[in-house]
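Dropping target.csv in here (CSV, C-alpha atoms and all ligand atoms):
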```csv
chain,number,residue,atom,x,y,z
A,1,MET,CA,76.9,230.5,100.4
A,2,PRO,CA,78.7,233.6,98.9
A,3,TYR,CA,80.8,231.1,96.8
A,4,ILE,CA,77.7,229.4,95.5
A,5,GLN,CA,76.3,232.8,94.4
A,6,THR,CA,79.4,233.2,92.2
A,7,LEU,CA,78.8,230.0,90.3
A,8,PRO,CA,77.1,230.1,86.9
A,9,ASP,CA,73.4,229.4,86.8
A,10,THR,CA,73.6,227.4,83.6
A,11,PHE,CA,76.3,225.9,81.2
A,12,THR,CA,77.0,225.8,77.5
A,13,THR,CA,77.7,222.0,77.4
A,14,PRO,CA,75.5,219.8,75.1
A,15,ALA,CA,73.6,218.6,78.2
A,16,TYR,CA,71.9,222.0,78.1
A,17,TYR,CA,71.2,222.0,74.3
A,18,SER,CA,67.7,221.9,72.9
A,19,ASP,CA,66.8,219.0,70.5
A,20,LYS,CA,67.2,221.4,67.6
A,21,GLU,CA,70.7,222.5,68.8
A,22,MET,CA,71.8,218.9,69.2
A,23,LEU,CA,70.9,218.2,65.6
A,24,LEU,CA,73.3,220.9,64.5
A,25,LEU,CA,76.3,219.0,66.0
A,26,PRO,CA,78.4,216.9,63.6
A,27,ALA,CA,77.3,213.3,63.8
A,28,GLN,CA,80.4,212.0,65.7
A,29,LEU,CA,80.3,214.8,68.2
A,30,ARG,CA,76.5,214.3,68.7
A,31,LYS,CA,77.1,210.6,69.4
A,32,LYS,CA,79.6,211.5,72.1
A,33,ALA,CA,77.3,214.2,73.5
A,34,GLU,CA,74.4,211.8,73.7
A,35,LYS,CA,76.6,209.2,75.4
A,36,LYS,CA,77.5,211.8,78.0
A,37,ILE,CA,73.9,212.7,78.6
A,38,THR,CA,72.9,209.0,79.0
A,39,GLU,CA,75.7,208.6,81.6
A,40,LEU,CA,74.4,211.7,83.5
A,41,GLN,CA,70.9,210.3,83.4
A,42,GLN,CA,72.0,206.9,84.7
A,43,THR,CA,74.1,208.4,87.5
A,44,TYR,CA,71.2,210.7,88.4
A,45,ALA,CA,68.8,207.7,88.5
A,46,ARG,CA,71.2,205.8,90.8
A,47,LEU,CA,71.6,208.7,93.2
A,48,LYS,CA,67.9,209.5,93.2
A,49,SER,CA,66.9,206.0,94.1
A,50,LEU,CA,69.4,206.1,97.0
A,51,LEU,CA,68.1,209.4,98.2
A,52,ASP,CA,64.4,208.3,97.9
A,53,LEU,CA,65.3,205.4,100.2
A,54,TYR,CA,67.6,207.0,102.7
A,55,TRP,CA,67.1,210.8,102.6
A,56,THR,CA,63.5,211.4,101.5
A,57,GLU,CA,63.5,215.2,102.1
A,58,LEU,CA,66.5,215.6,99.8
A,59,GLY,CA,65.1,213.1,97.3
A,60,LEU,CA,62.0,215.4,96.9
A,61,VAL,CA,64.1,218.4,95.7
A,62,PHE,CA,66.8,216.4,93.8
A,63,SER,CA,65.8,217.1,90.2
A,64,PHE,CA,67.8,216.1,87.1
A,65,ASN,CA,68.3,219.9,86.5
A,66,ASN,CA,69.7,220.4,90.0
A,67,PHE,CA,72.0,217.3,89.5
A,68,CYS,CA,73.3,218.6,86.1
A,69,TRP,CA,74.0,222.0,87.5
A,70,ALA,CA,76.0,220.6,90.4
A,71,TRP,CA,77.8,218.1,88.1
A,72,TYR,CA,78.9,220.8,85.7
A,73,CYS,CA,79.9,223.2,88.6
A,74,VAL,CA,82.3,220.5,89.9
A,75,ASN,CA,83.3,219.1,86.5
A,76,SER,CA,84.2,222.4,84.9
A,77,ARG,CA,85.7,224.2,88.0
A,78,SER,CA,87.4,221.8,90.3
A,79,VAL,CA,91.0,221.0,90.7
A,80,TYR,CA,92.8,217.8,91.6
A,81,PHE,CA,94.0,217.8,95.2
A,82,LYS,CA,96.2,215.1,96.5
A,83,THR,CA,96.5,214.7,100.3
A,84,GLU,CA,96.9,211.7,102.5
A,85,THR,CA,94.3,212.6,105.1
A,86,PHE,CA,90.9,212.3,103.3
A,87,ASP,CA,88.9,209.2,102.7
A,88,CYS,CA,86.9,210.2,99.6
A,89,VAL,CA,89.2,209.6,96.7
A,90,ARG,CA,88.7,209.1,93.0
A,91,ASP,CA,89.8,205.8,91.4
A,92,ASP,CA,93.0,207.5,90.3
A,93,GLY,CA,93.9,208.4,93.9
A,94,ASN,CA,93.1,212.1,93.4
A,95,HIS,CA,90.6,214.3,95.4
A,96,VAL,CA,88.4,216.8,93.6
A,97,ALA,CA,88.2,220.2,95.2
A,98,LEU,CA,86.3,223.4,94.4
A,99,ALA,CA,88.3,226.6,95.2
A,100,PRO,CA,87.0,230.2,95.1
A,101,PHE,CA,89.0,232.5,92.8
A,102,LEU,CA,91.2,229.7,91.5
A,103,ASP,CA,88.2,228.5,89.5
A,104,LEU,CA,88.2,231.7,87.5
A,105,LEU,CA,91.1,230.8,85.4
A,106,ASN,CA,90.4,230.0,81.8
A,107,HIS,CA,92.0,227.3,79.7
A,108,SER,CA,94.7,227.6,77.0
A,109,CYS,CA,96.2,224.6,75.3
A,110,LYS,CA,99.6,226.5,75.4
A,111,ALA,CA,99.6,227.3,79.1
A,112,LYS,CA,102.3,225.8,81.2
A,113,ILE,CA,101.7,225.7,84.9
A,114,GLU,CA,102.7,223.9,88.1
A,115,ALA,CA,99.9,223.3,90.6
A,116,GLY,CA,99.4,221.5,93.9
A,117,PHE,CA,98.8,221.9,97.6
A,118,ASN,CA,101.8,223.4,99.4
A,119,THR,CA,101.9,221.7,102.8
A,120,LYS,CA,104.2,224.5,104.2
A,121,THR,CA,102.0,227.5,103.2
A,122,LYS,CA,98.8,225.3,103.5
A,123,CYS,CA,97.6,226.8,100.2
A,124,TYR,CA,96.7,225.4,96.9
A,125,GLU,CA,99.2,227.1,94.6
A,126,ILE,CA,99.2,227.6,90.8
A,127,ARG,CA,102.4,228.9,89.3
A,128,THR,CA,102.6,229.9,85.6
A,129,LEU,CA,105.7,229.0,83.7
A,130,ASP,CA,104.8,231.4,80.9
A,131,LYS,CA,105.5,235.1,80.6
A,132,TYR,CA,102.7,237.6,80.8
A,133,ARG,CA,102.6,241.4,80.4
A,134,LYS,CA,100.8,243.4,83.1
A,135,TYR,CA,96.9,243.2,82.7
A,136,GLU,CA,97.1,240.3,80.3
A,137,GLN,CA,94.8,237.3,81.0
A,138,VAL,CA,96.7,234.5,82.7
A,139,PHE,CA,95.7,231.0,81.5
A,140,ILE,CA,96.0,227.5,82.9
A,141,SER,CA,95.6,224.3,81.1
A,142,TYR,CA,92.7,221.9,81.8
A,143,GLY,CA,94.7,219.1,80.1
A,144,PRO,CA,95.6,218.0,76.5
A,145,HIS,CA,91.9,218.0,75.4
A,146,ASP,CA,90.6,218.0,71.8
A,147,ASN,CA,87.6,220.3,70.9
A,148,HIS,CA,85.0,217.5,71.3
A,149,HIS,CA,86.1,216.9,74.9
A,150,LEU,CA,86.2,220.6,75.6
A,151,LEU,CA,82.7,221.2,74.3
A,152,ILE,CA,81.2,218.2,76.1
A,153,GLU,CA,82.9,218.6,79.5
A,154,TYR,CA,83.4,222.4,79.6
A,155,GLY,CA,81.1,224.0,77.0
A,156,PHE,CA,83.6,225.7,74.7
A,157,THR,CA,86.1,225.0,71.9
A,158,LEU,CA,89.4,226.6,70.9
A,159,PRO,CA,89.9,227.8,67.3
A,160,ASP,CA,93.6,227.1,67.6
A,161,ASN,CA,93.6,223.9,69.6
A,162,SER,CA,96.9,222.1,69.1
A,163,TYR,CA,95.4,219.0,70.7
A,164,ASP,CA,92.4,218.9,68.3
A,165,THR,CA,91.9,215.6,66.4
A,166,TYR,CA,89.9,214.3,63.5
A,167,GLU,CA,88.6,210.8,64.0
A,168,LEU,CA,88.4,208.7,60.9
A,169,ASP,CA,85.5,206.3,60.6
A,170,PHE,CA,87.3,203.2,59.1
A,171,GLY,CA,84.0,201.6,58.3
A,172,LYS,CA,83.0,204.5,56.0
A,173,LEU,CA,86.5,204.9,54.7
A,174,PHE,CA,86.8,201.3,53.5
A,175,PHE,CA,83.3,201.4,52.1
A,176,ASN,CA,84.1,204.4,50.0
A,177,LEU,CA,87.6,203.0,49.0
A,178,ASP,CA,85.8,199.8,47.9
A,179,ARG,CA,83.3,201.8,45.8
A,180,ILE,CA,86.1,203.9,44.2
A,181,THR,CA,88.3,200.8,43.3
A,182,LYS,CA,85.2,199.0,41.9
A,183,SER,CA,84.4,202.0,39.7
A,184,PHE,CA,87.8,201.6,37.9
B,201,LIG,C1,87.1,227.1,85.6
B,201,LIG,S1,85.8,228.0,84.8
B,201,LIG,C2,86.7,229.4,84.3
B,201,LIG,C3,86.0,230.7,84.8
B,201,LIG,C4,84.9,231.1,83.9
B,201,LIG,N1,85.3,231.7,82.7
B,201,LIG,C5,84.0,232.1,84.7
B,201,LIG,O1,83.8,233.2,84.2
B,201,LIG,O2,83.4,231.7,85.7
B,201,LIG,C6,85.7,227.0,83.4
B,201,LIG,C7,84.7,227.6,82.4
B,201,LIG,O3,85.2,228.8,81.8
B,201,LIG,C8,84.9,228.8,80.4
B,201,LIG,N2,86.2,228.8,79.7
B,201,LIG,C9,87.4,228.4,80.2
B,201,LIG,N3,88.4,228.6,79.3
B,201,LIG,C10,87.8,229.1,78.2
B,201,LIG,C11,88.3,229.5,76.9
B,201,LIG,N4,89.6,229.5,76.6
B,201,LIG,N5,87.4,230.0,76.0
B,201,LIG,C12,86.0,230.1,76.3
B,201,LIG,N6,85.5,229.7,77.5
B,201,LIG,C13,86.4,229.3,78.4
B,201,LIG,C14,84.1,227.6,80.1
B,201,LIG,O4,82.7,228.0,80.2
B,201,LIG,C15,84.4,226.7,81.2
B,201,LIG,O5,83.4,225.7,81.5
```
Translate the structure of the given file into structure tokens.
Amino acid sequence: MPYIQTLPDTFTTPAYYSDKEMLLLPAQLRKKAEKKITELQQTYARLKSLLDLYWTELGLVFSFNNFCWAWYCVNSRSVYFKTETFDCVRDDGNHVALAPFLDLLNHSCKAKIEAGFNTKTKCYEIRTLDKYRKYEQVFISYGPHDNHHLLIEYGFTLPDNSYDTYELDFGKLFFNLDRITKSF
């Protein structure tokens, strides 16, 4: 319970945007954000119908808002945790774990770290391979993500993201090239 009280009440991911805010997103990003929201709605609907059948009391309080909050708590704050002993694993063989304090570390695309469960100390350890001065913020890396991914999954972007990409729409590109060559 004390841990749950430290979790954010809301998130800055597009799933929390108003319709007006969604319209401010560039078209490509808006498309991806809408796809993510549709996936969330579908997952929620599947879980809700299961709960309504098998766990009616929980089904009654299981709203889409509650589901989104839980989803983004786990999605934006959990670590991968590989052990042999648990049954619930992701398709890639990893476990997902929430860990107090550890989930306070912010992302930098430049951060270099080593992380994992140390079976000797029985602790999940994160070791930075970067140099920091006393009182400086220590960063970890959430992965080589571009700004679209960071915004949709974590609710922020980096101004100096070395993994940022610009996706070319070949349909539009060829249409415009065609128009240019025809105008000569
Ligand atoms: C694992 S938590 C990190 C702790 C979080 N800053 C807090 O105060 O609880 C991940 C969230 O922190 C924020 N975050 C992480 N790295 C960031 C960064 N470089 N710039 C802005 N926000 C960041 C995002 O809201 C992200 O969803």
Just give me the gap between atom C1 of ligand LIG 201 (chain B) and CA of Leu104 (chain A) in Å, one decimal is fine.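 It comes out at 5.1 Å.
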Hey, which residues sit close to ligand LIG 201 (chain B)? Say within 9 Å, counting all atoms listed in the file, and write them as a PyMOL selection string. chain A and resi 6-8+11-13+72-73+75-79+101-109+139-142+150-151+153-158
Report as a list in words all protein, DNA and RNA residues lying within 8 Å of region 41-52 of chain A, evaluated on all atoms listed in the file, omitting residues in the same chain fewer than 4 positions from it.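 The neighbour list is Ile37, Thr56, Leu58, Gly59, Leu60, Phe62, Phe64 and Phe67 of chain A.
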Go ahead and compute the interatomic distance for CA of Glu114 (chain A) and CA of Ile126 (chain A), in Å to one decimal.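 Between CA of Glu114 (chain A) and CA of Ile126 (chain A) the gap is 5.8 Å.
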One number please: CA of Ser18 (chain A) to CA of Pro159 (chain A), in Å, one decimal. 23.6 Å
Selected residue, from A:Leu53, A:Val96, A:Ile180, A:Ala70, that lies nearest to Asp9 (chain A) when counting all atoms listed in the file: A:Ala70
Build an axis-aligned box that encloses every atom of region 146-165 of chain A listed in the file, pad it by 6 Å on each side, and report its centre and edge lengths in Å to one decimal, as lines of an AutoDock Vina configuration file.
```
center_x = 89.0
center_y = 221.7
center_z = 73.0
size_x = 27.8
size_y = 24.2
size_z = 25.2
```
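For the residues A:Asp169, A:Glu125, A:Glu34, A:Asp130, ranking by smallest atom-to-atom distance to Lys112 (chain A) using all atoms listed in the file places A:Asp130 first.
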